[in-house]
>>> print(open('protein-v4.pdb').read())   # PDB, C-alpha atoms
MODEL        1
ATOM      1  CA  MET A 190       0.000   0.000   0.000
ATOM      2  CA  VAL A 191       1.375   3.394  -0.976
ATOM      3  CA  SER A 192       1.236   6.089   1.672
ATOM      4  CA  PHE A 193       1.990   9.756   1.305
ATOM      5  CA  LEU A 194       2.172  10.173   5.073
ATOM      6  CA  THR A 195       5.673  11.085   6.196
ATOM      7  CA  PRO A 196       7.023  10.071   9.598
ATOM      8  CA  THR A 197       6.953  13.721  10.701
ATOM      9  CA  ASN A 198       3.336  14.113   9.576
ATOM     10  CA  ALA A 199       2.414  10.890  11.353
ATOM     11  CA  GLN A 200       4.057  12.072  14.595
ATOM     12  CA  GLU A 201       2.233  15.397  14.426
ATOM     13  CA  ALA A 202      -1.083  13.641  13.744
ATOM     14  CA  LEU A 203      -0.540  11.270  16.675
ATOM     15  CA  ALA A 204       0.181  14.238  18.939
ATOM     16  CA  ARG A 205      -2.967  16.080  17.782
ATOM     17  CA  ASN A 206      -5.086  12.959  18.198
ATOM     18  CA  LEU A 207      -3.746  12.232  21.666
ATOM     19  CA  ARG A 208      -4.335  15.833  22.739
ATOM     20  CA  ALA A 209      -7.901  15.638  21.420
ATOM     21  CA  ARG A 210      -8.487  12.393  23.348
ATOM     22  CA  ARG A 211      -7.043  13.982  26.512
ATOM     23  CA  LEU A 212      -9.326  16.987  26.213
ATOM     24  CA  ALA A 213     -12.349  14.811  25.374
ATOM     25  CA  ILE A 214     -12.000  12.958  28.677
ATOM     26  CA  GLY A 215     -11.387  16.211  30.548
ATOM     27  CA  LEU A 216      -7.785  15.710  31.591
ATOM     28  CA  THR A 217      -5.238  18.465  31.950
ATOM     29  CA  GLN A 218      -1.659  17.862  30.875
ATOM     30  CA  ALA A 219      -0.746  17.589  34.559
ATOM     31  CA  GLY A 220      -3.523  15.059  35.122
ATOM     32  CA  LEU A 221      -2.467  12.883  32.201
ATOM     33  CA  SER A 222       1.142  13.167  33.291
ATOM     34  CA  SER A 223       0.246  11.988  36.778
ATOM     35  CA  ARG A 224      -1.944   9.102  35.616
ATOM     36  CA  SER A 225       0.447   7.861  32.939
ATOM     37  CA  GLY A 226       3.730   8.262  34.773
ATOM     38  CA  VAL A 227       5.101  10.401  31.939
ATOM     39  CA  ALA A 228       6.936  13.565  32.990
ATOM     40  CA  LEU A 229       4.934  16.735  32.357
ATOM     41  CA  GLY A 230       7.738  18.229  30.246
ATOM     42  CA  THR A 231       7.847  15.097  28.089
ATOM     43  CA  LEU A 232       4.071  15.249  27.569
ATOM     44  CA  ARG A 233       4.225  18.939  26.655
ATOM     45  CA  LYS A 234       7.028  18.309  24.191
ATOM     46  CA  PHE A 235       5.083  15.434  22.644
ATOM     47  CA  GLU A 236       1.926  17.492  22.195
ATOM     48  CA  GLN A 237       3.935  20.335  20.615
ATOM     49  CA  THR A 238       6.280  18.342  18.363
ATOM     50  CA  GLY A 239       5.067  14.763  18.219
ATOM     51  CA  ALA A 240       8.463  13.557  19.408
ATOM     52  CA  ALA A 241       8.281  10.753  21.978
ATOM     53  CA  SER A 242       9.522   7.242  22.518
ATOM     54  CA  ILE A 243       7.261   4.292  21.873
ATOM     55  CA  GLU A 244       7.195   3.661  25.625
ATOM     56  CA  VAL A 245       5.898   7.189  26.288
ATOM     57  CA  LEU A 246       3.284   6.886  23.535
ATOM     58  CA  CYS A 247       2.102   3.540  24.933
ATOM     59  CA  LYS A 248       1.814   4.929  28.474
ATOM     60  CA  LEU A 249      -0.215   7.891  27.255
ATOM     61  CA  LEU A 250      -2.502   5.790  25.056
ATOM     62  CA  LEU A 251      -3.107   3.399  27.937
ATOM     63  CA  VAL A 252      -4.712   6.281  29.856
ATOM     64  CA  VAL A 253      -6.587   8.070  27.057
ATOM     65  CA  GLY A 254      -7.476   4.939  25.069
ATOM     66  CA  GLY A 255      -6.238   3.650  21.772
ATOM     67  CA  LEU A 256      -3.356   1.421  22.811
ATOM     68  CA  GLU A 257      -5.091  -1.716  21.543
ATOM     69  CA  ASP A 258      -5.797  -0.017  18.217
ATOM     70  CA  ILE A 259      -2.125   0.811  17.704
ATOM     71  CA  VAL A 260      -1.055  -2.718  18.592
ATOM     72  CA  GLU A 261      -3.607  -4.243  16.210
ATOM     73  CA  ALA A 262      -2.700  -1.803  13.438
ATOM     74  CA  SER A 263       0.917  -2.951  13.610
ATOM     75  CA  ALA A 264       0.055  -6.660  13.298
ATOM     76  CA  PRO A 265       1.101  -8.293  10.033
ATOM     77  CA  GLU A 266      -1.605  -8.730   7.450
ATOM     78  CA  GLN A 267      -2.874 -12.262   7.235
ATOM     79  CA  SER A 268      -2.472 -13.640   3.758
ATOM     80  CA  GLU A 269      -5.083 -16.063   2.602
ATOM     81  CA  PHE A 270      -2.413 -17.995   0.738
ATOM     82  CA  ALA A 271       1.129 -18.745   1.870
ATOM     83  CA  THR A 272       2.380 -20.397  -1.306
ATOM     84  CA  ILE A 273       1.394 -20.835  -4.934
ATOM     85  CA  ASP A 274       0.474 -24.427  -4.071
ATOM     86  CA  ASP A 275      -2.152 -23.068  -1.663
ATOM     87  CA  VAL A 276      -3.617 -20.991  -4.470
ATOM     88  CA  LEU A 277      -3.763 -23.951  -6.821
ATOM     89  CA  ARG A 278      -5.359 -26.156  -4.160
ATOM     90  CA  ALA A 279      -7.966 -23.498  -3.443
ATOM     91  CA  GLU A 280      -8.888 -23.210  -7.098
ATOM     92  CA  GLY A 281      -9.251 -26.962  -7.342
ATOM     93  CA  LYS A 282     -10.388 -28.782 -10.386
ATOM     94  CA  PRO A 283     -13.951 -28.297 -11.514
ATOM     95  CA  GLN A 284     -16.198 -31.063 -10.339
ATOM     96  CA  ARG A 285     -17.562 -33.180 -13.135
ATOM     97  CA  LYS A 286     -21.292 -33.344 -13.211
ATOM     98  CA  HIS A 287     -22.822 -36.721 -13.835
ATOM     99  CA  GLY A 288     -26.255 -37.155 -15.242
ATOM    100  CA  TRP A 289     -28.603 -39.937 -14.262
ATOM    101  CA  ARG A 290     -29.176 -42.574 -16.849
ATOM    102  CA  SER A 291     -32.633 -43.842 -17.316
TER     103      SER A 291
ENDMDL
END
>>> encode(input="protein-v4.pdb", output="structure tokens")
Amino acid sequence: MVSFLTPTNAQEALARNLRARRLAIGLTQAGLSSRSGVALGTLRKFEQTGAASIEVLCKLLLVVGGLEDIVEASAPEQSEFATIDDVLRAEGKPQRKHGWRS
């Protein structure tokens, strides 16, 4: 899949989304900092720049919601077929139809 989202744009979007989630549940930066165990300065920097470690992002998402979504989004896509042999087996040969003789 082709994406035109750059890492910087993705970081900024994550920061905006996390801030929106924080505000939607009525938490201040200090409140989220306290509940998540993330230093207030680190949280402020993340909301301004989008720069944070994966650990910090996970701690914040655990409080505001969305951690499971991120984990599931990073899971590998399940392919229906692992090999060409699987494809050929799935296609199978057409079943012959037999008529009844009378």
>>> closest_residue(input="protein-v4.pdb", among="A:Ala219, A:Gln200, A:Ser263, A:Leu256", to="Ser242 (chain A)", atoms="only C-alpha atoms")
A:Gln200
>>> residues_around(input="protein-v4.pdb", residues="region 226-232 of chain A", least_positions_apart="6", cutoff="12 Å", atoms="all atoms listed in the file", output="PDB file with C-alpha atoms, in the coordinates of the input")
ATOM      1  CA  ALA A 204       0.181  14.238  18.939  1.00  0.00           C
ATOM      2  CA  LEU A 207      -3.746  12.232  21.666  1.00  0.00           C
ATOM      3  CA  ARG A 208      -4.335  15.833  22.739  1.00  0.00           C
ATOM      4  CA  ARG A 211      -7.043  13.982  26.512  1.00  0.00           C
ATOM      5  CA  THR A 217      -5.238  18.465  31.950  1.00  0.00           C
ATOM      6  CA  GLN A 218      -1.659  17.862  30.875  1.00  0.00           C
ATOM      7  CA  ALA A 219      -0.746  17.589  34.559  1.00  0.00           C
ATOM      8  CA  GLY A 220      -3.523  15.059  35.122  1.00  0.00           C
ATOM      9  CA  THR A 238       6.280  18.342  18.363  1.00  0.00           C
ATOM     10  CA  GLY A 239       5.067  14.763  18.219  1.00  0.00           C
ATOM     11  CA  ALA A 240       8.463  13.557  19.408  1.00  0.00           C
ATOM     12  CA  ALA A 241       8.281  10.753  21.978  1.00  0.00           C
ATOM     13  CA  SER A 242       9.522   7.242  22.518  1.00  0.00           C
ATOM     14  CA  ILE A 243       7.261   4.292  21.873  1.00  0.00           C
ATOM     15  CA  GLU A 244       7.195   3.661  25.625  1.00  0.00           C
ATOM     16  CA  VAL A 245       5.898   7.189  26.288  1.00  0.00           C
ATOM     17  CA  LEU A 246       3.284   6.886  23.535  1.00  0.00           C
ATOM     18  CA  CYS A 247       2.102   3.540  24.933  1.00  0.00           C
ATOM     19  CA  LYS A 248       1.814   4.929  28.474  1.00  0.00           C
ATOM     20  CA  LEU A 249      -0.215   7.891  27.255  1.00  0.00           C
ATOM     21  CA  LEU A 250      -2.502   5.790  25.056  1.00  0.00           C
ATOM     22  CA  LEU A 251      -3.107   3.399  27.937  1.00  0.00           C
ATOM     23  CA  VAL A 252      -4.712   6.281  29.856  1.00  0.00           C
TER      24      VAL A 252
END
>>> atom_distance(input="protein-v4.pdb", atom1="CA of Ala199 (chain A)", atom2="CA of Glu236 (chain A)")
12.7 Å
>>> closest_residue(input="protein-v4.pdb", among="A:Val253, A:Ile214, A:Thr195, A:Arg205", to="Arg233 (chain A)", atoms="all atoms listed in the file")
A:Arg205
>>> closest_residue(input="protein-v4.pdb", among="A:Phe193, A:Arg210, A:Ala202, A:Trp289", to="Gly255 (chain A)", atoms="all atoms listed in the file")
A:Arg210
>>> atom_distance(input="protein-v4.pdb", atom1="CA of Val260 (chain A)", atom2="CA of Ala209 (chain A)")
19.8 Å
>>> atom_distance(input="protein-v4.pdb", atom1="CA of Ala262 (chain A)", atom2="CA of Leu203 (chain A)")
13.6 Å
>>> axis_aligned_box(input="protein-v4.pdb", around="region 258-271 of chain A", padding_each_side="6 Å", output="JSON")
{"center_x": -2.3, "center_y": -9.0, "center_z": 9.7, "size_x": 18.9, "size_y": 31.6, "size_z": 29.9}
>>> decode(input="protein-v4.pdb", residues="region 199-244 of chain A", atoms="N, CA and C atoms", output="PDB file, in the first residue's frame")
ATOM      1  N   ALA A 199       3.047  11.903  10.500  1.00  0.00           N
ATOM      2  CA  ALA A 199       2.414  10.890  11.353  1.00  0.00           C
ATOM      3  C   ALA A 199       2.602  11.244  12.825  1.00  0.00           C
ATOM      4  N   GLN A 200       3.800  11.674  13.205  1.00  0.00           N
ATOM      5  CA  GLN A 200       4.057  12.072  14.595  1.00  0.00           C
ATOM      6  C   GLN A 200       3.167  13.244  14.996  1.00  0.00           C
ATOM      7  N   GLU A 201       3.065  14.222  14.127  1.00  0.00           N
ATOM      8  CA  GLU A 201       2.233  15.397  14.426  1.00  0.00           C
ATOM      9  C   GLU A 201       0.759  14.997  14.548  1.00  0.00           C
ATOM     10  N   ALA A 202       0.308  14.101  13.687  1.00  0.00           N
ATOM     11  CA  ALA A 202      -1.083  13.641  13.744  1.00  0.00           C
ATOM     12  C   ALA A 202      -1.338  12.859  15.028  1.00  0.00           C
ATOM     13  N   LEU A 203      -0.393  12.013  15.419  1.00  0.00           N
ATOM     14  CA  LEU A 203      -0.540  11.270  16.675  1.00  0.00           C
ATOM     15  C   LEU A 203      -0.624  12.224  17.858  1.00  0.00           C
ATOM     16  N   ALA A 204       0.198  13.258  17.848  1.00  0.00           N
ATOM     17  CA  ALA A 204       0.181  14.238  18.939  1.00  0.00           C
ATOM     18  C   ALA A 204      -1.154  14.975  18.987  1.00  0.00           C
ATOM     19  N   ARG A 205      -1.659  15.399  17.828  1.00  0.00           N
ATOM     20  CA  ARG A 205      -2.967  16.080  17.782  1.00  0.00           C
ATOM     21  C   ARG A 205      -4.085  15.157  18.271  1.00  0.00           C
ATOM     22  N   ASN A 206      -4.048  13.917  17.813  1.00  0.00           N
ATOM     23  CA  ASN A 206      -5.086  12.959  18.198  1.00  0.00           C
ATOM     24  C   ASN A 206      -5.049  12.654  19.691  1.00  0.00           C
ATOM     25  N   LEU A 207      -3.854  12.510  20.239  1.00  0.00           N
ATOM     26  CA  LEU A 207      -3.746  12.232  21.666  1.00  0.00           C
ATOM     27  C   LEU A 207      -4.224  13.432  22.477  1.00  0.00           C
ATOM     28  N   ARG A 208      -3.872  14.626  22.046  1.00  0.00           N
ATOM     29  CA  ARG A 208      -4.335  15.833  22.739  1.00  0.00           C
ATOM     30  C   ARG A 208      -5.862  15.913  22.705  1.00  0.00           C
ATOM     31  N   ALA A 209      -6.440  15.611  21.552  1.00  0.00           N
ATOM     32  CA  ALA A 209      -7.901  15.638  21.420  1.00  0.00           C
ATOM     33  C   ALA A 209      -8.546  14.607  22.347  1.00  0.00           C
ATOM     34  N   ARG A 210      -7.961  13.423  22.443  1.00  0.00           N
ATOM     35  CA  ARG A 210      -8.487  12.393  23.348  1.00  0.00           C
ATOM     36  C   ARG A 210      -8.382  12.867  24.802  1.00  0.00           C
ATOM     37  N   ARG A 211      -7.248  13.479  25.145  1.00  0.00           N
ATOM     38  CA  ARG A 211      -7.043  13.982  26.512  1.00  0.00           C
ATOM     39  C   ARG A 211      -8.106  15.000  26.866  1.00  0.00           C
ATOM     40  N   LEU A 212      -8.332  15.950  25.964  1.00  0.00           N
ATOM     41  CA  LEU A 212      -9.326  16.987  26.213  1.00  0.00           C
ATOM     42  C   LEU A 212     -10.748  16.409  26.254  1.00  0.00           C
ATOM     43  N   ALA A 213     -11.009  15.408  25.417  1.00  0.00           N
ATOM     44  CA  ALA A 213     -12.349  14.811  25.374  1.00  0.00           C
ATOM     45  C   ALA A 213     -12.714  14.125  26.691  1.00  0.00           C
ATOM     46  N   ILE A 214     -11.709  13.602  27.388  1.00  0.00           N
ATOM     47  CA  ILE A 214     -12.000  12.958  28.677  1.00  0.00           C
ATOM     48  C   ILE A 214     -11.775  13.909  29.843  1.00  0.00           C
ATOM     49  N   GLY A 215     -11.476  15.174  29.530  1.00  0.00           N
ATOM     50  CA  GLY A 215     -11.387  16.211  30.548  1.00  0.00           C
ATOM     51  C   GLY A 215     -10.139  16.204  31.400  1.00  0.00           C
ATOM     52  N   LEU A 216      -9.039  15.721  30.838  1.00  0.00           N
ATOM     53  CA  LEU A 216      -7.785  15.710  31.591  1.00  0.00           C
ATOM     54  C   LEU A 216      -6.902  16.893  31.208  1.00  0.00           C
ATOM     55  N   THR A 217      -6.260  17.456  32.209  1.00  0.00           N
ATOM     56  CA  THR A 217      -5.238  18.465  31.950  1.00  0.00           C
ATOM     57  C   THR A 217      -3.948  17.732  31.603  1.00  0.00           C
ATOM     58  N   GLN A 218      -2.965  18.473  31.112  1.00  0.00           N
ATOM     59  CA  GLN A 218      -1.659  17.862  30.875  1.00  0.00           C
ATOM     60  C   GLN A 218      -1.098  17.301  32.171  1.00  0.00           C
ATOM     61  N   ALA A 219      -1.251  18.049  33.268  1.00  0.00           N
ATOM     62  CA  ALA A 219      -0.746  17.589  34.559  1.00  0.00           C
ATOM     63  C   ALA A 219      -1.460  16.310  35.002  1.00  0.00           C
ATOM     64  N   GLY A 220      -2.765  16.249  34.754  1.00  0.00           N
ATOM     65  CA  GLY A 220      -3.523  15.059  35.122  1.00  0.00           C
ATOM     66  C   GLY A 220      -3.104  13.839  34.332  1.00  0.00           C
ATOM     67  N   LEU A 221      -2.919  13.999  33.026  1.00  0.00           N
ATOM     68  CA  LEU A 221      -2.467  12.883  32.201  1.00  0.00           C
ATOM     69  C   LEU A 221      -1.055  12.475  32.579  1.00  0.00           C
ATOM     70  N   SER A 222      -0.224  13.455  32.866  1.00  0.00           N
ATOM     71  CA  SER A 222       1.142  13.167  33.291  1.00  0.00           C
ATOM     72  C   SER A 222       1.143  12.318  34.556  1.00  0.00           C
ATOM     73  N   SER A 223       0.328  12.709  35.512  1.00  0.00           N
ATOM     74  CA  SER A 223       0.246  11.988  36.778  1.00  0.00           C
ATOM     75  C   SER A 223      -0.280  10.565  36.591  1.00  0.00           C
ATOM     76  N   ARG A 224      -1.333  10.423  35.817  1.00  0.00           N
ATOM     77  CA  ARG A 224      -1.944   9.102  35.616  1.00  0.00           C
ATOM     78  C   ARG A 224      -1.092   8.155  34.788  1.00  0.00           C
ATOM     79  N   SER A 225      -0.335   8.702  33.847  1.00  0.00           N
ATOM     80  CA  SER A 225       0.447   7.861  32.939  1.00  0.00           C
ATOM     81  C   SER A 225       1.863   7.580  33.431  1.00  0.00           C
ATOM     82  N   GLY A 226       2.353   8.421  34.335  1.00  0.00           N
ATOM     83  CA  GLY A 226       3.730   8.262  34.773  1.00  0.00           C
ATOM     84  C   GLY A 226       4.732   8.894  33.820  1.00  0.00           C
ATOM     85  N   VAL A 227       4.246   9.703  32.895  1.00  0.00           N
ATOM     86  CA  VAL A 227       5.101  10.401  31.939  1.00  0.00           C
ATOM     87  C   VAL A 227       5.343  11.805  32.484  1.00  0.00           C
ATOM     88  N   ALA A 228       6.599  12.234  32.484  1.00  0.00           N
ATOM     89  CA  ALA A 228       6.936  13.565  32.990  1.00  0.00           C
ATOM     90  C   ALA A 228       6.158  14.635  32.229  1.00  0.00           C
ATOM     91  N   LEU A 229       5.729  15.659  32.948  1.00  0.00           N
ATOM     92  CA  LEU A 229       4.934  16.735  32.357  1.00  0.00           C
ATOM     93  C   LEU A 229       5.669  17.387  31.190  1.00  0.00           C
ATOM     94  N   GLY A 230       6.949  17.622  31.330  1.00  0.00           N
ATOM     95  CA  GLY A 230       7.738  18.229  30.246  1.00  0.00           C
ATOM     96  C   GLY A 230       7.762  17.350  29.006  1.00  0.00           C
ATOM     97  N   THR A 231       7.843  16.039  29.213  1.00  0.00           N
ATOM     98  CA  THR A 231       7.847  15.097  28.089  1.00  0.00           C
ATOM     99  C   THR A 231       6.500  15.129  27.374  1.00  0.00           C
ATOM    100  N   LEU A 232       5.410  15.178  28.149  1.00  0.00           N
ATOM    101  CA  LEU A 232       4.071  15.249  27.569  1.00  0.00           C
ATOM    102  C   LEU A 232       3.896  16.547  26.779  1.00  0.00           C
ATOM    103  N   ARG A 233       4.339  17.654  27.356  1.00  0.00           N
ATOM    104  CA  ARG A 233       4.225  18.939  26.655  1.00  0.00           C
ATOM    105  C   ARG A 233       4.992  18.921  25.339  1.00  0.00           C
ATOM    106  N   LYS A 234       6.204  18.384  25.396  1.00  0.00           N
ATOM    107  CA  LYS A 234       7.028  18.309  24.191  1.00  0.00           C
ATOM    108  C   LYS A 234       6.350  17.423  23.146  1.00  0.00           C
ATOM    109  N   PHE A 235       5.768  16.310  23.582  1.00  0.00           N
ATOM    110  CA  PHE A 235       5.083  15.434  22.644  1.00  0.00           C
ATOM    111  C   PHE A 235       3.903  16.139  21.983  1.00  0.00           C
ATOM    112  N   GLU A 236       3.088  16.814  22.768  1.00  0.00           N
ATOM    113  CA  GLU A 236       1.926  17.492  22.195  1.00  0.00           C
ATOM    114  C   GLU A 236       2.319  18.626  21.249  1.00  0.00           C
ATOM    115  N   GLN A 237       3.486  19.238  21.468  1.00  0.00           N
ATOM    116  CA  GLN A 237       3.935  20.335  20.615  1.00  0.00           C
ATOM    117  C   GLN A 237       4.639  19.840  19.348  1.00  0.00           C
ATOM    118  N   THR A 238       5.431  18.765  19.483  1.00  0.00           N
ATOM    119  CA  THR A 238       6.280  18.342  18.363  1.00  0.00           C
ATOM    120  C   THR A 238       5.963  16.960  17.815  1.00  0.00           C
ATOM    121  N   GLY A 239       5.322  16.138  18.628  1.00  0.00           N
ATOM    122  CA  GLY A 239       5.067  14.763  18.219  1.00  0.00           C
ATOM    123  C   GLY A 239       6.219  13.828  18.514  1.00  0.00           C
ATOM    124  N   ALA A 240       7.282  14.373  19.109  1.00  0.00           N
ATOM    125  CA  ALA A 240       8.463  13.557  19.408  1.00  0.00           C
ATOM    126  C   ALA A 240       8.306  12.867  20.764  1.00  0.00           C
ATOM    127  N   ALA A 241       8.357  11.542  20.742  1.00  0.00           N
ATOM    128  CA  ALA A 241       8.281  10.753  21.978  1.00  0.00           C
ATOM    129  C   ALA A 241       8.731   9.337  21.661  1.00  0.00           C
ATOM    130  N   SER A 242       9.154   8.643  22.700  1.00  0.00           N
ATOM    131  CA  SER A 242       9.522   7.242  22.518  1.00  0.00           C
ATOM    132  C   SER A 242       8.253   6.405  22.412  1.00  0.00           C
ATOM    133  N   ILE A 243       8.406   5.203  21.946  1.00  0.00           N
ATOM    134  CA  ILE A 243       7.261   4.292  21.873  1.00  0.00           C
ATOM    135  C   ILE A 243       6.730   4.011  23.267  1.00  0.00           C
ATOM    136  N   GLU A 244       7.622   3.899  24.242  1.00  0.00           N
ATOM    137  CA  GLU A 244       7.195   3.661  25.625  1.00  0.00           C
ATOM    138  C   GLU A 244       6.292   4.793  26.116  1.00  0.00           C
TER     139      GLU A 244
END
